[in-house]
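Structure below is final25.txt: compact mmCIF, C-alpha atoms.
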```txt
# COMPACT_ATOMS: atom_id res chain seq x y z
CA MET E 10 97.88 -105.24 -12.38
CA ASN E 11 96.90 -106.87 -9.08
CA ALA E 12 98.66 -108.99 -6.46
CA ALA E 13 97.93 -112.29 -8.19
CA ASP E 14 99.28 -110.94 -11.48
CA LEU E 15 102.52 -110.04 -9.71
CA GLY E 16 102.85 -113.52 -8.24
CA LEU E 17 102.44 -112.14 -4.72
CA PRO E 18 100.51 -114.02 -2.01
CA VAL E 19 96.93 -112.96 -1.42
CA ASP E 20 95.30 -114.07 1.84
CA VAL E 21 92.23 -116.22 1.09
CA PRO E 22 90.95 -117.51 4.43
CA SER E 23 87.88 -119.68 4.76
CA THR E 24 84.61 -117.81 4.42
CA ALA E 25 82.59 -120.58 6.10
CA LEU E 26 81.88 -118.62 9.28
CA PHE E 27 80.68 -115.54 7.42
CA THR E 28 77.24 -116.89 8.10
CA ASP E 29 74.39 -116.82 10.58
CA GLN E 30 73.97 -119.69 13.01
CA TYR E 31 70.45 -120.40 11.87
CA GLU E 32 71.77 -121.61 8.53
CA LEU E 33 73.66 -124.37 10.32
CA THR E 34 70.68 -125.27 12.50
CA MET E 35 68.51 -125.52 9.37
CA LEU E 36 71.16 -127.74 7.83
CA GLN E 37 71.23 -130.05 10.85
CA ALA E 38 67.44 -130.35 10.94
CA ALA E 39 67.25 -130.97 7.19
CA LEU E 40 69.94 -133.68 7.39
CA ARG E 41 68.06 -135.40 10.18
CA GLY E 42 64.69 -134.96 8.46
CA GLY E 43 65.85 -136.33 5.12
CA THR E 44 65.21 -133.15 3.11
CA ALA E 45 68.77 -131.81 2.86
CA ASP E 46 69.38 -133.34 -0.57
CA ARG E 47 66.27 -131.97 -2.23
CA ARG E 48 67.21 -129.99 -5.33
CA SER E 49 66.51 -126.33 -4.65
CA VAL E 50 66.68 -122.92 -6.29
CA PHE E 51 67.43 -119.77 -4.30
CA GLU E 52 67.31 -116.28 -5.78
CA VAL E 53 68.70 -112.93 -4.71
CA PHE E 54 66.48 -109.94 -5.43
CA THR E 55 65.26 -106.72 -3.88
CA ARG E 56 61.62 -105.85 -3.43
CA ARG E 57 62.27 -102.13 -3.87
CA LEU E 58 65.08 -99.73 -4.63
CA PRO E 59 66.30 -97.35 -1.92
CA GLU E 60 64.05 -94.31 -1.67
CA GLY E 61 64.59 -91.94 -4.56
CA ARG E 62 66.92 -94.17 -6.56
CA ARG E 63 66.13 -94.84 -10.22
CA TYR E 64 68.26 -97.99 -10.72
CA GLY E 65 70.55 -100.33 -8.82
CA VAL E 66 74.06 -101.46 -9.75
CA VAL E 67 75.22 -105.06 -9.41
CA ALA E 68 78.60 -105.09 -7.68
CA GLY E 69 80.52 -107.66 -5.69
CA THR E 70 79.93 -110.59 -8.05
CA GLY E 71 83.65 -111.31 -8.33
CA ARG E 72 83.95 -111.28 -4.54
CA VAL E 73 80.96 -113.62 -4.28
CA LEU E 74 82.73 -116.11 -6.54
CA ASP E 75 85.82 -115.94 -4.32
CA ALA E 76 83.69 -116.44 -1.22
CA VAL E 77 81.92 -119.49 -2.65
CA GLU E 78 85.22 -121.00 -3.72
CA ASN E 79 86.70 -120.53 -0.25
CA PHE E 80 83.66 -121.69 1.70
CA ARG E 81 85.41 -124.55 3.50
CA PHE E 82 85.04 -125.95 7.00
CA ASP E 83 88.64 -126.59 8.04
CA ALA E 84 89.81 -128.18 11.29
CA GLY E 85 89.81 -124.92 13.24
CA VAL E 86 86.30 -123.98 12.12
CA LEU E 87 84.95 -127.44 12.90
CA ALA E 88 86.60 -127.35 16.35
CA PHE E 89 84.90 -124.03 17.08
CA LEU E 90 81.49 -125.42 16.07
CA ARG E 91 82.07 -128.53 18.18
CA GLU E 92 83.22 -126.62 21.27
CA ARG E 93 80.20 -124.30 21.14
CA GLY E 94 77.80 -127.18 20.53
CA ILE E 95 76.37 -125.34 17.54
CA VAL E 96 75.69 -128.51 15.53
CA ASP E 97 75.84 -132.23 16.23
CA GLU E 98 78.51 -134.71 15.16
CA PRO E 99 76.73 -136.01 12.02
CA THR E 100 76.41 -132.43 10.81
CA LEU E 101 80.08 -131.75 11.57
CA ALA E 102 81.02 -134.80 9.52
CA TRP E 103 78.92 -133.50 6.63
CA LEU E 104 80.48 -130.03 6.87
CA ALA E 105 84.00 -131.45 6.85
CA ASP E 106 83.45 -132.53 3.25
CA TYR E 107 81.50 -129.44 2.18
CA ARG E 108 82.15 -128.04 -1.26
CA PHE E 109 79.57 -126.13 -3.24
CA ARG E 110 78.92 -128.37 -6.25
CA GLY E 111 75.89 -126.61 -7.66
CA ASP E 112 75.30 -123.94 -10.29
CA VAL E 113 75.10 -120.16 -10.03
CA TRP E 114 73.64 -117.79 -12.60
CA GLY E 115 73.42 -114.05 -12.20
CA TYR E 116 73.42 -110.57 -13.65
CA PRO E 117 77.02 -109.88 -14.65
CA GLU E 118 78.87 -107.40 -12.46
CA GLY E 119 78.29 -103.79 -13.46
CA GLU E 120 74.82 -104.46 -14.88
CA VAL E 121 71.90 -102.42 -13.55
CA TYR E 122 68.90 -103.97 -11.81
CA PHE E 123 65.38 -103.09 -10.66
CA PRO E 124 62.82 -104.34 -8.10
CA GLY E 125 62.26 -108.05 -8.63
CA SER E 126 65.30 -108.60 -10.84
CA PRO E 127 66.70 -112.11 -10.14
CA ILE E 128 70.18 -110.71 -9.52
CA LEU E 129 71.63 -114.10 -8.54
CA ARG E 130 70.26 -117.65 -8.82
CA VAL E 131 71.85 -120.44 -6.79
CA GLU E 132 70.94 -124.06 -7.60
CA GLY E 133 71.90 -127.30 -5.91
CA SER E 134 70.83 -129.32 -2.90
CA PHE E 135 69.06 -127.41 -0.15
CA ALA E 136 71.94 -128.14 2.20
CA GLU E 137 74.70 -126.74 0.01
CA CYS E 138 72.71 -123.67 -1.08
CA VAL E 139 71.27 -122.58 2.24
CA LEU E 140 74.73 -122.19 3.78
CA LEU E 141 75.68 -119.46 1.31
CA GLU E 142 72.85 -117.06 2.12
CA THR E 143 74.58 -114.69 4.51
CA VAL E 144 77.94 -114.40 2.82
CA ILE E 145 76.32 -113.74 -0.57
CA LEU E 146 73.94 -111.11 0.83
CA SER E 147 76.68 -109.49 2.88
CA ILE E 148 78.81 -108.93 -0.21
CA LEU E 149 76.10 -107.99 -2.70
CA ASN E 150 74.20 -105.67 -0.35
CA HIS E 151 77.31 -103.73 0.61
CA ASP E 152 79.05 -103.55 -2.75
CA SER E 153 75.91 -102.79 -4.76
CA ALA E 154 75.04 -99.91 -2.42
CA ILE E 155 78.49 -98.38 -2.84
CA ALA E 156 78.47 -98.89 -6.62
CA ALA E 157 75.04 -97.24 -6.92
CA ALA E 158 76.28 -94.20 -5.02
CA ALA E 159 79.44 -94.15 -7.14
CA SER E 160 77.38 -94.31 -10.33
CA ARG E 161 75.30 -91.31 -9.30
CA MET E 162 78.46 -89.39 -8.45
CA ALA E 163 80.01 -90.32 -11.79
CA VAL E 164 76.95 -88.97 -13.56
CA ALA E 165 77.15 -85.75 -11.54
CA ALA E 166 80.88 -85.40 -12.27
CA ARG E 167 80.24 -85.26 -16.05
CA GLY E 168 83.52 -86.88 -17.01
CA ARG E 169 85.71 -85.23 -14.39
CA ARG E 170 87.92 -87.60 -12.45
CA LEU E 171 86.74 -89.17 -9.21
CA ILE E 172 89.02 -90.34 -6.39
CA GLU E 173 87.76 -92.75 -3.72
CA MET E 174 89.09 -91.55 -0.34
CA GLY E 175 86.86 -93.25 2.25
CA ALA E 176 89.19 -95.74 3.93
CA ARG E 177 89.29 -93.83 7.21
CA ARG E 178 85.52 -93.56 7.34
CA THR E 179 84.64 -97.25 7.42
CA HIS E 180 85.86 -100.67 8.58
CA GLU E 181 89.28 -101.50 7.17
CA LEU E 182 88.01 -104.49 5.19
CA SER E 183 84.92 -102.63 4.02
CA ALA E 184 87.24 -99.91 2.76
CA VAL E 185 88.87 -102.33 0.32
CA ALA E 186 85.50 -103.64 -0.89
CA SER E 187 84.20 -100.07 -1.16
CA ALA E 188 87.10 -99.01 -3.36
CA ARG E 189 86.45 -101.98 -5.63
CA ALA E 190 82.71 -101.25 -5.87
CA ALA E 191 83.36 -97.54 -6.46
CA TYR E 192 85.65 -98.43 -9.36
CA VAL E 193 82.88 -100.54 -10.90
CA GLY E 194 80.48 -97.62 -10.46
CA GLY E 195 82.72 -95.14 -12.25
CA PHE E 196 85.46 -93.87 -9.92
CA ASP E 197 88.92 -93.61 -11.46
CA SER E 198 91.25 -94.28 -8.53
CA THR E 199 91.51 -94.88 -4.80
CA SER E 200 93.70 -93.72 -1.96
CA ASP E 201 93.53 -97.20 -0.38
CA LEU E 202 96.69 -99.18 -1.07
CA ALA E 203 95.13 -102.49 -0.03
CA ALA E 204 92.53 -102.05 -2.77
CA GLY E 205 95.26 -101.28 -5.27
CA PHE E 206 97.23 -104.33 -4.18
CA ARG E 207 94.34 -106.75 -4.21
CA TYR E 208 92.37 -105.54 -7.22
CA GLY E 209 94.77 -103.52 -9.36
CA ILE E 210 92.84 -100.26 -8.95
CA PRO E 211 94.94 -97.15 -9.70
CA THR E 212 96.08 -95.47 -6.46
CA VAL E 213 96.79 -91.80 -5.74
CA GLY E 214 97.84 -89.69 -2.76
CA THR E 215 100.05 -86.77 -1.78
CA SER E 216 99.87 -85.07 1.63
CA ALA E 217 97.59 -83.88 4.41
CA HIS E 218 97.49 -80.71 6.50
CA ALA E 219 99.71 -82.42 9.06
CA PHE E 220 102.60 -82.34 6.59
CA THR E 221 102.29 -78.58 6.18
CA LEU E 222 101.96 -78.05 9.94
CA LEU E 223 105.09 -80.14 10.51
CA HIS E 224 107.22 -77.51 8.80
CA ASP E 225 108.18 -74.06 10.00
CA THR E 226 106.60 -72.46 6.95
CA GLU E 227 104.21 -73.46 4.20
CA ARG E 228 106.98 -72.75 1.70
CA ASP E 229 109.23 -75.27 3.46
CA ALA E 230 106.49 -77.90 3.26
CA PHE E 231 105.88 -77.28 -0.44
CA ARG E 232 109.59 -77.33 -1.17
CA ALA E 233 110.03 -80.66 0.63
CA GLN E 234 107.13 -82.22 -1.26
CA VAL E 235 108.24 -80.94 -4.67
CA ASP E 236 111.85 -82.01 -4.04
CA SER E 237 110.60 -85.50 -3.19
CA LEU E 238 107.76 -86.00 -5.67
CA GLY E 239 108.51 -83.56 -8.46
CA SER E 240 106.64 -80.55 -9.77
CA GLY E 241 103.80 -82.76 -11.04
CA THR E 242 102.64 -83.37 -7.46
CA THR E 243 99.44 -82.02 -5.88
CA LEU E 244 99.90 -79.36 -3.19
CA LEU E 245 97.29 -78.80 -0.47
CA VAL E 246 96.64 -75.06 -0.38
CA ASP E 247 94.04 -74.43 2.33
CA THR E 248 96.01 -74.94 5.55
CA TYR E 249 96.32 -71.18 6.07
CA ASP E 250 95.50 -68.56 3.42
CA VAL E 251 94.55 -70.04 0.04
CA THR E 252 95.60 -67.07 -2.08
CA GLU E 253 99.01 -66.89 -0.48
CA ALA E 254 99.43 -70.66 -0.68
CA VAL E 255 98.69 -70.78 -4.42
CA CYS E 256 101.24 -68.05 -5.05
CA THR E 257 103.84 -69.90 -2.99
CA ALA E 258 103.02 -73.21 -4.67
CA VAL E 259 103.69 -71.82 -8.14
CA GLU E 260 106.84 -70.07 -6.97
CA VAL E 261 108.18 -73.34 -5.53
CA ALA E 262 107.00 -75.82 -8.21
CA GLY E 263 106.91 -73.53 -11.22
CA THR E 264 104.16 -73.24 -13.78
CA GLY E 265 104.37 -76.98 -14.33
CA LEU E 266 102.76 -77.68 -10.95
CA GLY E 267 100.53 -80.73 -11.33
CA ALA E 268 97.57 -79.74 -9.16
CA VAL E 269 96.36 -77.96 -6.06
CA ARG E 270 93.86 -79.43 -3.62
CA ILE E 271 91.16 -77.46 -1.83
CA ASP E 272 89.62 -79.13 1.22
CA SER E 273 87.50 -76.43 2.86
CA GLY E 274 85.48 -73.29 2.37
CA ASP E 275 82.96 -72.35 -0.31
CA LEU E 276 84.35 -74.70 -2.95
CA LEU E 277 82.52 -73.06 -5.85
CA LEU E 278 83.81 -69.59 -5.01
CA VAL E 279 87.30 -70.70 -4.00
CA ALA E 280 87.75 -72.86 -7.12
CA HIS E 281 86.94 -69.91 -9.39
CA ARG E 282 89.36 -67.66 -7.53
CA VAL E 283 92.12 -70.27 -7.56
CA ARG E 284 91.65 -70.94 -11.28
CA GLN E 285 91.91 -67.25 -12.06
CA GLN E 286 95.01 -66.91 -9.89
CA LEU E 287 96.72 -69.95 -11.42
CA ASP E 288 96.06 -68.66 -14.93
CA GLU E 289 97.42 -65.22 -14.05
CA LEU E 290 100.55 -66.85 -12.66
CA GLY E 291 101.04 -68.79 -15.89
CA ALA E 292 100.07 -72.19 -14.42
CA ARG E 293 97.26 -72.74 -16.90
CA ASP E 294 97.70 -76.52 -16.96
CA THR E 295 97.68 -76.92 -13.18
CA LYS E 296 94.61 -78.91 -12.15
CA ILE E 297 92.25 -78.21 -9.26
CA VAL E 298 91.17 -81.08 -6.99
CA VAL E 299 88.42 -80.53 -4.41
CA THR E 300 87.54 -82.64 -1.39
CA SER E 301 85.52 -81.99 1.82
CA ASP E 302 82.43 -84.15 2.50
CA LEU E 303 81.26 -84.36 -1.09
CA ASP E 304 78.27 -86.34 -2.31
CA GLU E 305 76.51 -86.48 -5.68
CA TYR E 306 74.54 -83.31 -4.94
CA ALA E 307 77.62 -81.33 -3.94
CA ILE E 308 79.42 -82.60 -7.04
CA ALA E 309 76.51 -81.55 -9.24
CA SER E 310 76.50 -78.09 -7.63
CA LEU E 311 80.13 -77.68 -8.74
CA ALA E 312 79.38 -78.40 -12.39
CA ALA E 313 80.07 -74.78 -13.33
CA ALA E 314 83.23 -74.59 -11.24
CA PRO E 315 86.69 -75.00 -12.84
CA VAL E 316 87.27 -78.27 -11.01
CA ASP E 317 89.22 -81.13 -12.58
CA ALA E 318 88.76 -83.90 -9.99
CA TYR E 319 86.74 -84.74 -6.90
CA GLY E 320 87.89 -86.70 -3.87
CA VAL E 321 85.00 -88.43 -2.08
CA GLY E 322 85.06 -90.27 1.23
CA THR E 323 82.32 -90.60 3.82
CA GLN E 324 79.29 -90.28 1.57
CA LEU E 325 80.63 -92.81 -0.90
CA VAL E 326 81.56 -95.60 1.53
CA THR E 327 78.22 -95.25 3.32
CA GLY E 328 76.22 -95.47 0.10
CA SER E 329 75.33 -91.76 0.19
CA GLY E 330 72.56 -92.36 2.68
CA HIS E 331 71.66 -95.88 1.54
CA PRO E 332 74.30 -98.31 2.91
CA THR E 333 72.51 -101.47 1.76
CA GLY E 334 70.77 -102.72 -1.34
CA SER E 335 68.09 -104.43 0.81
CA MET E 336 68.54 -107.64 -1.16
CA VAL E 337 67.13 -110.94 0.10
CA TYR E 338 67.96 -114.59 -0.62
CA LYS E 339 64.81 -116.68 -0.96
CA LEU E 340 63.94 -120.26 -1.84
CA VAL E 341 61.78 -120.03 -4.98
CA ALA E 342 61.64 -123.67 -6.13
CA ARG E 343 62.41 -127.13 -4.75
CA ALA E 344 61.93 -130.80 -5.56
CA GLU E 345 59.63 -133.09 -3.57
CA SER E 346 62.34 -135.68 -3.06
CA ALA E 347 66.09 -136.19 -3.27
CA ASP E 348 65.72 -137.89 -6.64
CA PRO E 349 67.86 -135.82 -9.08
CA LYS E 350 65.11 -136.27 -11.68
CA ALA E 351 62.33 -135.05 -9.42
CA PRO E 352 60.62 -131.98 -10.93
CA LEU E 353 60.99 -128.58 -9.35
CA HIS E 354 57.90 -126.95 -7.84
CA PRO E 355 57.59 -123.19 -7.26
CA VAL E 356 57.47 -122.04 -3.64
CA ALA E 357 57.02 -118.52 -2.31
CA LYS E 358 56.62 -116.58 0.89
CA LYS E 359 53.08 -115.22 1.20
CA SER E 360 53.33 -113.14 4.36
CA GLN E 361 51.77 -109.70 4.73
CA GLY E 362 53.52 -106.36 5.05
CA GLY E 363 55.18 -106.27 1.64
CA LYS E 364 57.41 -109.27 2.27
CA SER E 365 55.84 -111.73 -0.15
CA SER E 366 57.86 -113.18 -3.01
CA VAL E 367 57.23 -114.69 -6.44
CA GLY E 368 57.90 -118.41 -6.76
CA GLY E 369 59.58 -120.24 -9.60
CA ARG E 370 62.99 -120.41 -11.27
CA LYS E 371 63.21 -117.16 -13.19
CA TRP E 372 64.79 -115.68 -16.27
CA ALA E 373 65.07 -111.95 -16.94
CA ALA E 374 65.41 -109.77 -20.02
CA ARG E 375 65.37 -106.03 -20.66
CA ARG E 376 62.93 -105.01 -23.38
CA PRO E 377 63.99 -102.01 -25.51
CA ASP E 378 61.80 -99.48 -27.23
CA THR E 379 62.09 -98.65 -30.92
CA ASP E 380 65.13 -96.46 -30.22
CA GLY E 381 66.95 -99.23 -28.38
CA ILE E 382 66.41 -97.67 -24.93
CA ALA E 383 65.19 -99.92 -22.12
CA GLU E 384 61.47 -99.67 -21.43
CA ALA E 385 60.86 -102.63 -19.10
CA GLU E 386 62.58 -105.30 -17.00
CA VAL E 387 60.77 -108.51 -17.94
CA VAL E 388 60.91 -111.41 -15.47
CA GLY E 389 59.33 -114.80 -16.11
CA THR E 390 59.25 -118.45 -15.12
CA GLY E 391 57.94 -120.00 -18.33
CA PRO E 392 59.28 -120.03 -21.88
CA VAL E 393 61.23 -116.96 -22.92
CA PRO E 394 59.40 -114.99 -25.65
CA ALA E 395 61.24 -115.22 -28.95
CA GLU E 396 61.75 -111.46 -29.15
CA LEU E 397 63.56 -111.50 -25.80
CA ALA E 398 65.61 -114.66 -26.26
CA GLY E 399 68.71 -112.72 -27.26
CA ARG E 400 68.31 -110.17 -24.47
CA GLN E 401 68.48 -112.37 -21.40
CA LEU E 402 70.41 -110.88 -18.52
CA LEU E 403 71.54 -113.85 -16.43
CA VAL E 404 74.87 -115.46 -17.28
CA GLU E 405 76.43 -118.65 -15.97
CA LEU E 406 78.88 -117.97 -13.14
CA VAL E 407 79.42 -121.38 -11.52
CA LYS E 408 78.85 -124.78 -13.14
CA GLY E 409 79.00 -127.94 -11.08
CA GLY E 410 80.89 -126.09 -8.38
CA GLU E 411 83.52 -124.70 -10.76
CA ILE E 412 83.89 -120.97 -11.35
CA VAL E 413 83.36 -120.29 -15.08
CA ALA E 414 83.01 -116.53 -15.29
CA ARG E 415 85.98 -114.75 -13.76
CA GLU E 416 86.77 -111.49 -15.51
CA PRO E 417 88.95 -108.41 -15.08
CA LEU E 418 87.47 -105.68 -12.90
CA GLU E 419 87.77 -103.34 -15.86
CA ALA E 420 85.16 -105.43 -17.70
CA ALA E 421 82.58 -104.80 -14.99
CA ARG E 422 83.38 -101.08 -15.02
CA GLU E 423 82.90 -100.86 -18.80
CA ARG E 424 79.73 -102.95 -18.62
CA HIS E 425 78.20 -100.53 -16.16
CA ILE E 426 78.88 -97.55 -18.39
CA ALA E 427 77.13 -99.34 -21.26
CA ALA E 428 74.21 -100.52 -19.12
CA ARG E 429 73.59 -97.05 -17.72
CA ALA E 430 73.73 -95.56 -21.21
CA GLY E 431 70.95 -97.94 -22.27
CA LEU E 432 68.50 -96.52 -19.72
CA PRO E 433 66.08 -93.62 -20.27
CA MET E 434 67.65 -90.19 -19.71
CA SER E 435 65.66 -89.70 -16.51
CA ALA E 436 67.74 -92.46 -14.90
CA THR E 437 70.57 -90.00 -14.42
CA GLN E 438 68.49 -87.30 -12.77
CA LEU E 439 69.47 -86.76 -9.16
CA SER E 440 65.97 -85.70 -8.17
CA ARG E 441 64.02 -88.32 -6.27
CA GLY E 442 61.83 -90.69 -8.25
CA GLU E 443 60.72 -94.25 -8.81
CA ALA E 444 62.57 -96.97 -10.72
CA VAL E 445 63.22 -95.62 -14.21
CA ILE E 446 61.61 -98.64 -15.87
CA PRO E 447 58.90 -100.98 -14.55
CA THR E 448 59.35 -104.67 -13.77
CA GLU E 449 56.85 -106.87 -15.63
CA TYR E 450 56.18 -110.48 -14.65
CA VAL E 451 55.14 -112.90 -17.38
```
Please rewrite the model in this file as C-alpha cells.
Amino acid sequence: MNAADLGLPVDVPSTALFTDQYELTMLQAALRGGTADRRSVFEVFTRRLPEGRRYGVVAGTGRVLDAVENFRFDAGVLAFLRERGIVDEPTLAWLADYRFRGDVWGYPEGEVYFPGSPILRVEGSFAECVLLETVILSILNHDSAIAAAASRMAVAARGRRLIEMGARRTHELSAVASARAAYVGGFDSTSDLAAGFRYGIPTVGTSAHAFTLLHDTERDAFRAQVDSLGSGTTLLVDTYDVTEAVCTAVEVAGTGLGAVRIDSGDLLLVAHRVRQQLDELGARDTKIVVTSDLDEYAIASLAAAPVDAYGVGTQLVTGSGHPTGSMVYKLVARAESADPKAPLHPVAKKSQGGKSSVGGRKWAARRPDTDGIAEAEVVGTGPVPAELAGRQLLVELVKGGEIVAREPLEAARERHIAARAGLPMSATQLSRGEAVIPTEYV
C-alpha cells in the first residue's frame, strides 16, 4: 500500500523545468516560423546496450506518466523564464496554456528491450512533444539502468532475497527512484522509507555498528534491540569478533533469533562458519544476511554459501558500472504542414560516427522460435506481418493527453520476470556478450 492508497498527501510539483533550455528555444523558433503545430512522432531508443549486457529492462514508465501529467508552466515557472529572458512573451503565453494533448505508446514497464527497440513513442504537435525530451530521457535512462543491474543481481541470487540499501550512496531523490526500479528488476525490499511511502515497496531495517558501539558491551546492545524489536530481529555480528557475537546473539535472543547480518570479511568463509555455529547452538532457522559492497558477481560467487539474503547498495544505485541506458529521443516522422490530415513523412539523422537513426513511425514484436523462446526483436514501419500481429510490444499509455495505462508496481515486477524467462538461457549469463537476440528491421 502506498501514500495515495492511505489518503496521504504526495508532493507532485511541476516537472516543466526538468528540461534543457534548448527545448524552449526550439519551441520559440518553431512558433515564430509556423512549424510548431506540425504533427510529429518522436521515439525513445538506444543504439546499443551497455558493454557486456545481454538485454535491457524498461523501468520508470510509471514515473514518466506522472511527469507528463504534471508538466505545467505555473506562475512561478513563467516568472522565472521571463526574468531570465529565456523565451519571448508570445512563447510565454503559449506555455501558460501548455498541456500535453497527444498520444504515447511504449513498451510496458518491466519488459526487456534491445538495440533499436522503440521503447517509447510520443505523438502530437512538434511543440508539445519536443518539450518532453529531457524529462522522459532523465527518468528512463536512470531507472532502466538500475533495473537492468537489479535484474542481473536477481538472476545471480537464484531466488534468495535481495534488499536495496543504496540511499546513502546517491542523491536523495535518485534513491527513491532507484528503490522503485530495483523492485521492478527483482529486489524484494528497500531500506528507504521514502520509497516505501511513495510506492508501497516493502521496507526493512534494524541497526548499524553505531548502535553496538553506543553500548558498554555487545551483549547490552543485543539485549536492547531484542527487548525493543523482539527475537525475530536481525543482529549485526561483525562489530568485534563474529564467533563471540553469534554466541552472544543466540544467548540473548534464543534459538528463535530471526537473522544475523555480516558486513565485512571473507563473506563466503564467514557465512559457512556462522551457519555451522548457529546450527550447533540450535538456531537452525536463524537466517544469514550479508552486505558489504556487493554486485552481481559477488552475489554469484556466494551461490554455494549458506546465505539467505543480500543487501546491496552502491553497485545497485550506480547501475553496477553502467549508470545510464544511453537512450535518445529522436524525431522519426513529421507532417509537411499543420493540417491534421497531412500525411507523416519519415525523417532520420544521417550523421557519421554511429549516431544515425532509422526514420518512420515504428512497431515492434518479438519473434519466438518453435519452443516459444525469443529469437529476434523485429522492428518495422510498414504493415505488421500476420504471424507477428499478436506479439506486438508497444501498448497505449496516453491517449489525447489522458493517462490510460496506470498499473500497480507489482504488475511491472511480474512482467519482468515473465519477459526475462522468455529469453534464451544465455541472457542470464554474467559473462560479457552481445545482445542475446538480434534486432531485425523490416
Who sits within 10 Å of Glu260 (chain E), all atoms listed in the file, same chain under 4 positions skipped, as a PDB file with C-alpha atoms, keeping the file's coordinate frame:
```pdb
ATOM      1  CA  ARG E 228     106.980 -72.750   1.700  1.00  0.00           C
ATOM      2  CA  PHE E 231     105.880 -77.280  -0.440  1.00  0.00           C
ATOM      3  CA  ARG E 232     109.590 -77.330  -1.170  1.00  0.00           C
ATOM      4  CA  ALA E 254      99.430 -70.660  -0.680  1.00  0.00           C
ATOM      5  CA  VAL E 255      98.690 -70.780  -4.420  1.00  0.00           C
ATOM      6  CA  CYS E 256     101.240 -68.050  -5.050  1.00  0.00           C
ATOM      7  CA  THR E 264     104.160 -73.240 -13.780  1.00  0.00           C
ATOM      8  CA  LEU E 266     102.760 -77.680 -10.950  1.00  0.00           C
ATOM      9  CA  LEU E 290     100.550 -66.850 -12.660  1.00  0.00           C
TER      10      LEU E 290
END
```
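Going from CA of Ile382 (chain E) over to CA of Glu449 (chain E), you cover 16.2 Å.
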Exercise. Out of E:Ala312, E:Ala105, E:Ala84, E:Val193, which residue has the shortest atom-to-atom distance to Ala154 (chain E) when counting all atoms listed in the file?
Worked result: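 Residue with the minimum atom-to-atom distance to Ala154 (chain E): E:Val193.
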What's the 10 Å shell around Tyr31 (chain E), counting all atoms listed in the file, without same-chain residues fewer than 5 positions away, as a PDB file with C-alpha atoms, in the frame of the given file?
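Contents of the output file out.pdb:
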```pdb
ATOM      1  CA  LEU E  36      71.160-127.740   7.830  1.00  0.00           C
ATOM      2  CA  GLN E  37      71.230-130.050  10.850  1.00  0.00           C
ATOM      3  CA  ILE E  95      76.370-125.340  17.540  1.00  0.00           C
ATOM      4  CA  VAL E 139      71.270-122.580   2.240  1.00  0.00           C
ATOM      5  CA  LEU E 140      74.730-122.190   3.780  1.00  0.00           C
TER       6      LEU E 140
END
```
Long-range neighbours of region 53-56 of chain E as a PDB file with C-alpha atoms, in the frame of the given file, 6 Å cut-off, only C-alpha atoms, 2 positions minimum in chain:
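And here is the file that came out, out10.pdb:
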```pdb
ATOM      1  CA  PRO E 124      62.820-104.340  -8.100  1.00  0.00           C
ATOM      2  CA  GLY E 125      62.260-108.050  -8.630  1.00  0.00           C
ATOM      3  CA  SER E 126      65.300-108.600 -10.840  1.00  0.00           C
ATOM      4  CA  PRO E 127      66.700-112.110 -10.140  1.00  0.00           C
ATOM      5  CA  ILE E 128      70.180-110.710  -9.520  1.00  0.00           C
ATOM      6  CA  LEU E 129      71.630-114.100  -8.540  1.00  0.00           C
ATOM      7  CA  SER E 335      68.090-104.430   0.810  1.00  0.00           C
ATOM      8  CA  MET E 336      68.540-107.640  -1.160  1.00  0.00           C
ATOM      9  CA  VAL E 337      67.130-110.940   0.100  1.00  0.00           C
ATOM     10  CA  TYR E 338      67.960-114.590  -0.620  1.00  0.00           C
TER      11      TYR E 338
END
```
Exercise. With only C-alpha atoms as the basis for distance, which of E:Arg189, E:Lys371, E:His331, E:Arg270 is at the shortest distance from Pro417 (chain E)?
Worked result: E:Arg189
